[in-house]
$ cat my_file29.cif   # mmCIF, C-alpha atoms
data_start
#
loop_
_atom_site.group_PDB
_atom_site.id
_atom_site.type_symbol
_atom_site.label_atom_id
_atom_site.label_comp_id
_atom_site.auth_asym_id
_atom_site.auth_seq_id
_atom_site.Cartn_x
_atom_site.Cartn_y
_atom_site.Cartn_z
ATOM 1 C CA MET N 566 76.483 70.273 98.826
ATOM 2 C CA GLN N 567 79.257 70.131 96.237
ATOM 3 C CA PHE N 568 79.552 66.352 95.940
ATOM 4 C CA GLU N 569 77.101 63.882 94.409
ATOM 5 C CA SER N 570 78.214 60.827 96.378
ATOM 6 C CA PHE N 571 80.429 59.821 99.291
ATOM 7 C CA ALA N 572 82.988 58.266 96.914
ATOM 8 C CA GLU N 573 83.227 61.563 95.048
ATOM 9 C CA PHE N 574 83.725 63.373 98.339
ATOM 10 C CA ILE N 575 86.623 61.065 99.251
ATOM 11 C CA ASN N 576 88.103 61.434 95.767
ATOM 12 C CA MET N 577 88.132 65.286 95.993
ATOM 13 C CA GLY N 578 88.267 65.678 92.223
ATOM 14 C CA GLY N 579 91.411 63.542 92.053
ATOM 15 C CA TYR N 580 93.203 65.443 94.831
ATOM 16 C CA GLY N 581 91.946 63.167 97.611
ATOM 17 C CA PHE N 582 95.414 62.053 98.712
ATOM 18 C CA TYR N 583 96.686 65.617 99.254
ATOM 19 C CA VAL N 584 93.519 66.946 100.857
ATOM 20 C CA TRP N 585 93.106 64.020 103.271
ATOM 21 C CA LEU N 586 96.840 63.955 104.023
ATOM 22 C CA SER N 587 96.578 67.596 105.107
ATOM 23 C CA TYR N 588 93.446 67.140 107.177
ATOM 24 C CA GLY N 589 94.680 63.842 108.636
ATOM 25 C CA VAL N 590 98.062 65.154 109.772
ATOM 26 C CA THR N 591 96.475 68.338 111.152
ATOM 27 C CA PHE N 592 93.912 66.381 113.158
ATOM 28 C CA GLY N 593 96.533 63.887 114.372
ATOM 29 C CA CYS N 594 98.991 66.588 115.485
ATOM 30 C CA LEU N 595 96.305 68.609 117.271
ATOM 31 C CA ALA N 596 94.860 65.531 119.007
ATOM 32 C CA THR N 597 98.333 64.563 120.273
ATOM 33 C CA LEU N 598 99.089 68.107 121.434
ATOM 34 C CA ILE N 599 95.754 68.422 123.256
ATOM 35 C CA THR N 600 96.085 65.000 124.931
ATOM 36 C CA LEU N 601 99.626 65.722 126.151
ATOM 37 C CA SER N 602 98.644 69.206 127.345
ATOM 38 C CA VAL N 603 95.637 67.933 129.283
ATOM 39 C CA ARG N 604 97.688 65.152 130.933
ATOM 40 C CA LYS N 605 100.444 67.572 131.957
ATOM 41 C CA LYS N 606 98.516 68.995 134.922
ATOM 42 C CA ARG N 607 98.116 65.593 136.608
ATOM 43 C CA LYS N 608 101.781 64.769 135.942
ATOM 44 C CA VAL N 609 102.911 68.022 137.589
ATOM 45 C CA LEU N 610 100.670 67.519 140.630
ATOM 46 C CA ILE N 611 101.813 63.913 141.141
ATOM 47 C CA GLU N 612 105.428 65.083 140.981
ATOM 48 C CA ILE N 613 104.751 67.735 143.638
ATOM 49 C CA ALA N 614 102.994 65.157 145.818
ATOM 50 C CA LYS N 615 106.002 62.822 145.546
ATOM 51 C CA LYS N 616 108.321 65.656 146.518
ATOM 52 C CA MET N 617 106.137 66.365 149.552
ATOM 53 C CA THR N 618 106.341 62.707 150.637
ATOM 54 C CA ARG N 619 110.138 62.814 150.274
ATOM 55 C CA GLU N 620 110.366 65.961 152.376
ATOM 56 C CA GLN N 621 108.130 64.413 155.009
ATOM 57 C CA ARG N 622 110.341 61.304 155.226
ATOM 58 C CA LEU N 623 113.465 63.469 155.466
ATOM 59 C CA LYS N 624 111.921 65.406 158.328
ATOM 60 C CA GLU N 625 110.998 62.233 160.231
ATOM 61 C CA ASN N 626 114.486 60.743 159.838
ATOM 62 C CA ARG N 627 116.087 63.895 161.113
ATOM 63 C CA GLY N 628 113.745 63.816 164.090
ATOM 64 C CA THR N 629 114.911 60.354 165.232
ATOM 65 C CA LYS N 630 118.623 61.157 164.971
ATOM 66 C CA SER N 631 118.747 64.173 167.241
ATOM 67 C CA MET J 446 95.240 99.969 136.138
ATOM 68 C CA TRP J 447 98.564 98.588 137.311
ATOM 69 C CA LYS J 448 97.077 97.521 140.598
ATOM 70 C CA TRP J 449 94.277 95.776 138.767
ATOM 71 C CA LEU J 450 96.704 94.068 136.404
ATOM 72 C CA HIS J 451 98.979 92.977 139.214
ATOM 73 C CA SER J 452 96.181 91.176 140.980
ATOM 74 C CA TYR J 453 96.003 88.848 137.962
ATOM 75 C CA ALA J 454 99.754 88.289 138.170
ATOM 76 C CA ASP J 455 99.082 86.485 141.446
ATOM 77 C CA PRO J 456 99.520 82.809 140.513
ATOM 78 C CA GLU J 457 96.441 81.516 142.308
ATOM 79 C CA ARG J 458 94.155 84.111 140.718
ATOM 80 C CA ALA J 459 95.708 83.520 137.300
ATOM 81 C CA TYR J 460 95.141 79.772 137.754
ATOM 82 C CA LYS J 461 91.492 80.259 138.711
ATOM 83 C CA LEU J 462 90.767 82.851 136.022
ATOM 84 C CA SER J 463 92.235 80.655 133.287
ATOM 85 C CA GLY J 464 90.128 77.775 134.609
ATOM 86 C CA THR J 465 86.993 79.905 134.249
ATOM 87 C CA LEU J 466 87.890 81.002 130.728
ATOM 88 C CA LEU J 467 88.874 77.540 129.479
ATOM 89 C CA PRO J 468 85.388 76.055 128.776
ATOM 90 C CA TRP J 469 84.379 79.148 126.766
ATOM 91 C CA PHE J 470 87.475 79.027 124.585
ATOM 92 C CA SER J 471 87.137 75.259 124.081
ATOM 93 C CA ALA J 472 83.439 75.403 123.171
ATOM 94 C CA LEU J 473 83.979 78.274 120.719
ATOM 95 C CA ALA J 474 86.962 76.512 119.151
ATOM 96 C CA ILE J 475 85.055 73.252 118.583
ATOM 97 C CA LEU J 476 81.996 75.078 117.267
ATOM 98 C CA LEU J 477 83.961 77.340 114.894
ATOM 99 C CA ILE J 478 86.406 74.743 113.555
ATOM 100 C CA GLY J 479 83.568 72.224 113.127
ATOM 101 C CA THR J 480 81.446 74.712 111.176
ATOM 102 C CA GLY J 481 84.336 76.097 109.122
ATOM 103 C CA SER J 482 85.744 72.702 108.161
ATOM 104 C CA ILE J 483 82.416 71.097 107.210
ATOM 105 C CA TRP J 484 81.445 74.204 105.261
ATOM 106 C CA GLY J 485 84.828 74.305 103.565
ATOM 107 C CA LEU J 486 84.982 70.610 102.728
ATOM 108 C CA LEU J 487 81.374 70.008 101.700
ATOM 109 C CA PHE J 488 79.635 73.236 100.748
ATOM 110 C CA ALA J 489 82.206 75.739 99.479
ATOM 111 C CA PRO J 490 82.290 75.796 95.653
ATOM 112 C CA THR J 491 85.049 74.055 93.725
ATOM 113 C CA ASP J 492 87.801 76.409 92.540
ATOM 114 C CA TYR J 493 87.780 76.904 88.776
ATOM 115 C CA GLN J 494 91.583 76.687 88.544
ATOM 116 C CA GLN J 495 92.684 74.455 91.394
ATOM 117 C CA GLY J 496 89.700 72.117 91.565
ATOM 118 C CA ASP J 497 89.111 70.557 94.986
ATOM 119 C CA SER J 498 92.800 70.692 96.006
ATOM 120 C CA TYR J 499 92.222 74.248 97.206
ATOM 121 C CA ARG J 500 90.150 72.889 100.133
ATOM 122 C CA ILE J 501 93.468 72.564 101.960
ATOM 123 C CA ILE J 502 93.240 76.365 102.353
ATOM 124 C CA PHE J 503 90.716 75.978 105.187
ATOM 125 C CA ILE J 504 93.444 74.638 107.457
ATOM 126 C CA HIS J 505 96.582 75.950 105.763
ATOM 127 C CA VAL J 506 95.777 79.662 106.022
ATOM 128 C CA PRO J 507 94.405 79.509 109.603
ATOM 129 C CA ALA J 508 97.473 77.538 110.726
ATOM 130 C CA ALA J 509 99.908 79.858 108.941
ATOM 131 C CA SER J 510 98.346 83.128 110.117
ATOM 132 C CA MET J 511 97.877 81.849 113.671
ATOM 133 C CA SER J 512 101.480 80.582 113.769
ATOM 134 C CA MET J 513 102.508 84.225 113.411
ATOM 135 C CA ALA J 514 99.843 85.553 115.788
ATOM 136 C CA ALA J 515 100.840 83.000 118.445
ATOM 137 C CA TYR J 516 104.465 84.056 118.025
ATOM 138 C CA MET J 517 103.508 87.697 118.623
ATOM 139 C CA GLY J 518 101.547 86.633 121.686
ATOM 140 C CA MET J 519 104.535 84.717 123.006
ATOM 141 C CA ALA J 520 106.920 87.613 122.308
ATOM 142 C CA VAL J 521 104.638 90.137 124.035
ATOM 143 C CA ALA J 522 104.351 87.863 127.084
ATOM 144 C CA SER J 523 108.158 87.460 127.137
ATOM 145 C CA PHE J 524 108.594 91.219 126.866
ATOM 146 C CA ILE J 525 106.248 91.851 129.810
ATOM 147 C CA GLY J 526 108.085 89.162 131.766
ATOM 148 C CA LEU J 527 111.482 90.662 131.008
ATOM 149 C CA VAL J 528 110.679 94.337 131.540
ATOM 150 C CA TRP J 529 108.285 94.234 134.490
ATOM 151 C CA GLN J 530 109.561 90.966 135.974
ATOM 152 C CA ILE J 531 106.105 89.449 135.993
ATOM 153 C CA LYS J 532 106.615 85.708 136.298
ATOM 154 C CA SER J 533 103.049 84.865 135.213
ATOM 155 C CA ALA J 534 103.856 86.404 131.830
ATOM 156 C CA ASP J 535 106.969 84.219 131.500
ATOM 157 C CA TRP J 536 104.868 81.149 132.216
ATOM 158 C CA ALA J 537 102.355 82.200 129.561
ATOM 159 C CA ALA J 538 105.163 82.490 127.012
ATOM 160 C CA ALA J 539 106.419 79.036 127.989
ATOM 161 C CA ALA J 540 102.876 77.692 127.566
ATOM 162 C CA ILE J 541 102.452 79.119 124.044
ATOM 163 C CA ALA J 542 105.782 77.978 122.551
ATOM 164 C CA PRO J 543 105.019 74.246 121.997
ATOM 165 C CA ILE J 544 101.578 75.080 120.583
ATOM 166 C CA GLY J 545 103.100 77.567 118.156
ATOM 167 C CA ALA J 546 105.624 74.951 117.049
ATOM 168 C CA VAL J 547 102.875 72.416 116.274
ATOM 169 C CA ILE J 548 100.776 75.016 114.424
ATOM 170 C CA THR J 549 103.811 76.100 112.366
ATOM 171 C CA PHE J 550 104.540 72.463 111.520
ATOM 172 C CA ILE J 551 100.918 72.057 110.359
ATOM 173 C CA ALA J 552 101.207 75.192 108.199
ATOM 174 C CA LEU J 553 104.387 73.857 106.562
ATOM 175 C CA LEU J 554 103.025 70.359 106.024
ATOM 176 C CA THR J 555 99.665 71.414 104.594
ATOM 177 C CA GLY J 556 101.545 73.890 102.413
ATOM 178 C CA ALA J 557 103.720 71.078 101.078
ATOM 179 C CA ALA J 558 100.704 68.854 100.445
ATOM 180 C CA TRP J 559 99.091 71.712 98.528
ATOM 181 C CA GLY J 560 102.304 72.646 96.691
ATOM 182 C CA LYS J 561 102.844 69.155 95.314
ATOM 183 C CA PRO J 562 99.688 69.006 93.139
ATOM 184 C CA MET J 563 99.674 72.744 92.284
ATOM 185 C CA TRP J 564 103.360 73.654 91.841
ATOM 186 C CA GLY J 565 104.669 70.159 91.139
ATOM 187 C CA THR J 566 106.975 70.193 94.153
ATOM 188 C CA TRP J 567 106.642 69.629 97.900
ATOM 189 C CA TRP J 568 109.156 72.322 98.763
ATOM 190 C CA VAL J 569 111.054 75.286 97.278
ATOM 191 C CA TRP J 570 113.648 77.411 99.067
ATOM 192 C CA ASP J 571 111.884 80.687 98.471
ATOM 193 C CA ALA J 572 111.369 83.543 100.902
ATOM 194 C CA ARG J 573 107.901 82.632 102.180
ATOM 195 C CA LEU J 574 108.578 78.971 102.810
ATOM 196 C CA THR J 575 112.070 79.479 104.204
ATOM 197 C CA SER J 576 111.014 82.251 106.613
ATOM 198 C CA GLU J 577 108.133 80.071 107.872
ATOM 199 C CA LEU J 578 110.651 77.262 108.445
ATOM 200 C CA VAL J 579 112.810 79.733 110.389
ATOM 201 C CA LEU J 580 109.720 80.447 112.524
ATOM 202 C CA LEU J 581 109.527 76.748 113.395
ATOM 203 C CA PHE J 582 113.205 76.794 114.410
ATOM 204 C CA LEU J 583 112.623 79.920 116.518
ATOM 205 C CA TYR J 584 109.814 78.135 118.385
ATOM 206 C CA LEU J 585 112.033 75.077 118.879
ATOM 207 C CA GLY J 586 114.857 77.356 120.089
ATOM 208 C CA VAL J 587 112.585 79.004 122.668
ATOM 209 C CA ILE J 588 111.319 75.593 123.866
ATOM 210 C CA SER J 589 114.805 74.133 124.251
ATOM 211 C CA LEU J 590 116.250 77.231 125.930
ATOM 212 C CA TYR J 591 113.420 77.224 128.467
ATOM 213 C CA ALA J 592 113.928 73.503 129.069
ATOM 214 C CA SER J 593 117.704 73.646 129.466
ATOM 215 C CA PHE J 594 117.935 75.683 132.685
ATOM 216 C CA GLU J 595 116.997 74.255 136.068
ATOM 217 C CA ASP J 596 116.439 77.832 137.329
ATOM 218 C CA LYS J 597 113.262 78.838 135.500
ATOM 219 C CA VAL J 598 113.687 82.579 136.126
ATOM 220 C CA LEU J 599 116.962 82.438 134.234
ATOM 221 C CA ALA J 600 115.461 80.084 131.638
ATOM 222 C CA ALA J 601 112.583 82.478 130.977
ATOM 223 C CA ARG J 602 115.024 85.361 130.534
ATOM 224 C CA ALA J 603 117.143 83.478 127.982
ATOM 225 C CA ALA J 604 114.135 82.141 126.073
ATOM 226 C CA GLY J 605 112.435 85.554 126.280
ATOM 227 C CA ILE J 606 115.347 87.366 124.652
ATOM 228 C CA LEU J 607 115.372 84.857 121.784
ATOM 229 C CA ALA J 608 111.586 85.210 121.383
ATOM 230 C CA ILE J 609 111.824 89.027 121.241
ATOM 231 C CA VAL J 610 114.741 89.080 118.794
ATOM 232 C CA GLY J 611 112.887 86.565 116.614
ATOM 233 C CA VAL J 612 110.000 89.019 116.085
ATOM 234 C CA ILE J 613 112.057 90.412 113.169
ATOM 235 C CA ASN J 614 111.069 87.269 111.263
ATOM 236 C CA ILE J 615 107.330 88.020 111.430
ATOM 237 C CA PRO J 616 107.206 90.976 108.964
ATOM 238 C CA ILE J 617 109.600 89.023 106.736
ATOM 239 C CA ILE J 618 107.091 86.138 106.548
ATOM 240 C CA LYS J 619 104.140 88.489 106.127
ATOM 241 C CA TYR J 620 105.602 90.588 103.299
ATOM 242 C CA SER J 621 107.874 87.975 101.699
ATOM 243 C CA VAL J 622 105.373 87.382 98.877
ATOM 244 C CA ASP J 623 105.352 91.113 98.059
ATOM 245 C CA TRP J 624 109.090 91.764 98.429
ATOM 246 C CA TRP J 625 110.451 88.758 96.537
ATOM 247 C CA SER J 626 109.092 86.769 93.642
ATOM 248 C CA SER J 627 107.753 83.488 94.933
ATOM 249 C CA LEU J 628 105.789 80.449 93.870
ATOM 250 C CA HIS J 629 103.546 81.229 96.804
ATOM 251 C CA GLN J 630 100.507 83.312 95.929
ATOM 252 C CA PRO J 631 100.081 86.719 97.573
ATOM 253 C CA SER J 632 97.430 87.062 100.263
ATOM 254 C CA THR J 633 93.809 86.957 99.183
ATOM 255 C CA ILE J 634 92.303 88.279 102.400
ATOM 256 C CA LYS J 635 92.764 92.007 102.708
ATOM 257 C CA ILE J 636 91.795 94.051 105.696
ATOM 258 C CA THR J 637 91.727 97.472 104.068
ATOM 259 C CA GLU J 638 90.383 96.593 100.618
ATOM 260 C CA LYS J 639 87.965 94.055 99.219
ATOM 261 C CA SER J 640 89.264 90.484 99.495
ATOM 262 C CA THR J 641 89.999 88.784 96.183
ATOM 263 C CA MET J 642 87.979 85.734 97.085
ATOM 264 C CA SER J 643 84.333 84.806 96.665
ATOM 265 C CA THR J 644 82.352 85.110 99.901
ATOM 266 C CA ASP J 645 81.235 81.459 99.996
ATOM 267 C CA MET J 646 84.919 80.513 100.199
ATOM 268 C CA LEU J 647 85.887 83.454 102.404
ATOM 269 C CA TYR J 648 83.359 82.905 105.216
ATOM 270 C CA PRO J 649 84.374 79.330 106.100
ATOM 271 C CA LEU J 650 88.007 80.432 105.905
ATOM 272 C CA LEU J 651 87.446 83.343 108.304
ATOM 273 C CA ILE J 652 85.463 81.074 110.643
ATOM 274 C CA ASN J 653 88.345 78.608 110.730
ATOM 275 C CA ILE J 654 90.899 81.382 111.327
ATOM 276 C CA PHE J 655 88.916 82.503 114.390
ATOM 277 C CA GLY J 656 88.435 78.870 115.367
ATOM 278 C CA PHE J 657 92.174 78.223 115.274
ATOM 279 C CA GLY J 658 92.713 81.356 117.355
ATOM 280 C CA MET J 659 90.242 80.134 119.980
ATOM 281 C CA MET J 660 91.793 76.657 119.942
ATOM 282 C CA ILE J 661 95.287 78.058 120.488
ATOM 283 C CA GLY J 662 93.828 80.152 123.325
ATOM 284 C CA ALA J 663 92.235 77.070 124.896
ATOM 285 C CA ILE J 664 95.378 74.899 124.700
ATOM 286 C CA THR J 665 97.450 77.828 125.998
ATOM 287 C CA LEU J 666 95.166 78.041 129.044
ATOM 288 C CA VAL J 667 95.523 74.290 129.684
ATOM 289 C CA ARG J 668 99.325 74.429 129.479
ATOM 290 C CA TYR J 669 99.455 77.727 131.409
ATOM 291 C CA ARG J 670 97.595 76.160 134.333
ATOM 292 C CA ALA J 671 100.016 73.215 134.429
ATOM 293 C CA GLU J 672 102.966 75.625 134.206
ATOM 294 C CA ILE J 673 101.634 77.724 137.116
ATOM 295 C CA LEU J 674 101.338 74.583 139.257
ATOM 296 C CA ALA J 675 104.835 73.386 138.296
ATOM 297 C CA ARG J 676 106.429 76.735 139.224
ATOM 298 C CA ASN J 677 104.533 77.127 142.506
ATOM 299 C CA GLY J 678 105.069 73.696 144.038
ATOM 300 C CA MET J 679 106.040 75.274 147.359
ATOM 301 C CA ARG J 680 102.801 77.157 147.864
ATOM 302 C CA PRO J 681 100.141 75.701 150.188
ATOM 303 C CA TRP J 682 97.260 75.972 147.687
ATOM 304 C CA VAL J 683 99.229 73.968 145.095
ATOM 305 C CA ARG J 684 100.217 71.397 147.726
ATOM 306 C CA GLU J 685 96.557 70.963 148.619
ATOM 307 C CA LEU J 686 95.770 70.264 144.968
ATOM 308 C CA ALA J 687 98.682 67.834 144.774
ATOM 309 C CA THR J 688 97.474 65.884 147.822
ATOM 310 C CA ALA J 689 93.968 65.714 146.367
ATOM 311 C CA GLU J 690 95.296 64.530 142.992
ATOM 312 C CA GLU J 691 97.450 61.810 144.555
ATOM 313 C CA ALA J 692 94.495 60.478 146.507
ATOM 314 C CA LYS J 693 92.558 59.927 143.253
#

$ encode --input "my_file29.cif" --output "structure tokens"
Amino acid sequence: MQFESFAEFINMGGYGFYVWLSYGVTFGCLATLITLSVRKKRKVLIEIAKKMTREQRLKENRGTKS
Amino acid sequence: MWKWLHSYADPERAYKLSGTLLPWFSALAILLIGTGSIWGLLFAPTDYQQGDSYRIIFIHVPAASMSMAAYMGMAVASFIGLVWQIKSADWAAAAIAPIGAVITFIALLTGAAWGKPMWGTWWVWDARLTSELVLLFLYLGVISLYASFEDKVLAARAAGILAIVGVINIPIIKYSVDWWSSLHQPSTIKITEKSTMSTDMLYPLLINIFGFGMMIGAITLVRYRAEILARNGMRPWVRELATAEEAK
């Protein structure tokens, strides 16, 4: 362990702002990217399901006209 | 071999295979990045010149090197898609592009946050920094080209050509610190000779580089699966999944 106390760890030898800025932004960006990527699958599937419902309705309407 | 390869170009098999691989990549990524970062932040020795500011290296170097590796991966996938008309490869390229853009942004930002205390400036227009910025624009170009065509076969061709032409930028980034004088330090990790870095700093760095690689692999798989579904909305197996998802 390189640091004597938690406060010293946060301080990072006076470079705390730069070190934690880097780690903070990295973590934030990656968390956002991962969340959006994971949600994308459900979004795509729901869109396909909606399209299927539309097609179904179109088919039924055509059926009554002829 | 071609027959064997082509069976994985089948969308359903590609979807299932990437689903099987995903937990392994994710677990390795979490394990490696967790170990590397804690080691780097808490246990690696303080640098005698740069003090504790150098601890930014444990994300800056992995992000920067993987931003180039991801670009090569994307370009190779585009090339396969263009030459052999394998759509699965085009979808893989489309899946990598946004991840590469985020990783490149992280490399630039952590570089700036390290440059400010060490060089006295957030940014200089020198070869290394500028070529890495060009890499970000290349990623953004590929993303927007792929997004701007309704016909995704055409979109993949346009984006693929840009991705392949952009490969010229990769050796420029890699060797910029040797070819031009720069504020940026030359590389400390060497493959053919002994690295100019003490091992208790080098190991956590290498662990994080592999960790970032695994993480990019994992996110690529997640996005690749969604891309396969989006491009195969007419197929019965995708429609089954869609019905099941809607019922949830």

$ resolve_selection --input "my_file29.cif" --expression "the PyMOL selection byres ((chain N) within 10 of (chain J))" --output "number ranges by chain"
N: 566-568, 574, 576-592, 594-595, 597-618

$ resolve_selection --input "my_file29.cif" --expression "the PyMOL selection byres ((chain J and resi 654) around 9)" --output "short mmCIF file (atom, residue, chain, number, x, y, z; two decimals) with C-alpha atoms, keeping the file's coordinate frame"
data_model
loop_
_atom_site.label_atom_id
_atom_site.label_comp_id
_atom_site.auth_asym_id
_atom_site.auth_seq_id
_atom_site.Cartn_x
_atom_site.Cartn_y
_atom_site.Cartn_z
CA LEU J 477 83.96 77.34 114.89
CA ILE J 478 86.41 74.74 113.56
CA GLY J 481 84.34 76.10 109.12
CA PHE J 503 90.72 75.98 105.19
CA ILE J 504 93.44 74.64 107.46
CA VAL J 506 95.78 79.66 106.02
CA PRO J 507 94.40 79.51 109.60
CA ALA J 508 97.47 77.54 110.73
CA SER J 510 98.35 83.13 110.12
CA MET J 511 97.88 81.85 113.67
CA PRO J 649 84.37 79.33 106.10
CA LEU J 650 88.01 80.43 105.90
CA LEU J 651 87.45 83.34 108.30
CA ILE J 652 85.46 81.07 110.64
CA ASN J 653 88.34 78.61 110.73
CA PHE J 655 88.92 82.50 114.39
CA GLY J 656 88.44 78.87 115.37
CA PHE J 657 92.17 78.22 115.27
CA GLY J 658 92.71 81.36 117.36
CA MET J 659 90.24 80.13 119.98
#

$ atom_distance --input "my_file29.cif" --atom1 "CA of Gly526 (chain J)" --atom2 "CA of Ile615 (chain J)"
20.4 Å

$ atom_distance --input "my_file29.cif" --atom1 "CA of Phe594 (chain J)" --atom2 "CA of Ala537 (chain J)"
17.2 Å

$ atom_distance --input "my_file29.cif" --atom1 "CA of Ala604 (chain J)" --atom2 "CA of Val587 (chain J)"
4.9 Å

$ resolve_selection --input "my_file29.cif" --expression "the PyMOL selection byres ((chain J and resi 629) around 9)" --output "JSON, numbers by chain"
{"J": [560, 571, 573, 574, 622, 626, 627, 628, 630, 631]}

$ residues_around --input "my_file29.cif" --residues "Ala600 (chain J)" --least-positions-apart "4" --cutoff "12 Å" --atoms "all atoms listed in the file" --output "list in words"
Ser523, Gly526, Leu527, Lys532, Asp535, Trp536, Ala538, Ala539, Gly586, Val587, Ile588, Ser589, Leu590, Tyr591, Ala592, Ser593, Phe594, Glu595, Asp596, Ala604, Gly605, Ile606 and Leu607 of chain J

$ closest_residue --input "my_file29.cif" --among "J:Ala474, J:Ile618, J:Ala509, J:Leu466" --to "Thr575 (chain J)" --atoms "all atoms listed in the file"
J:Ile618
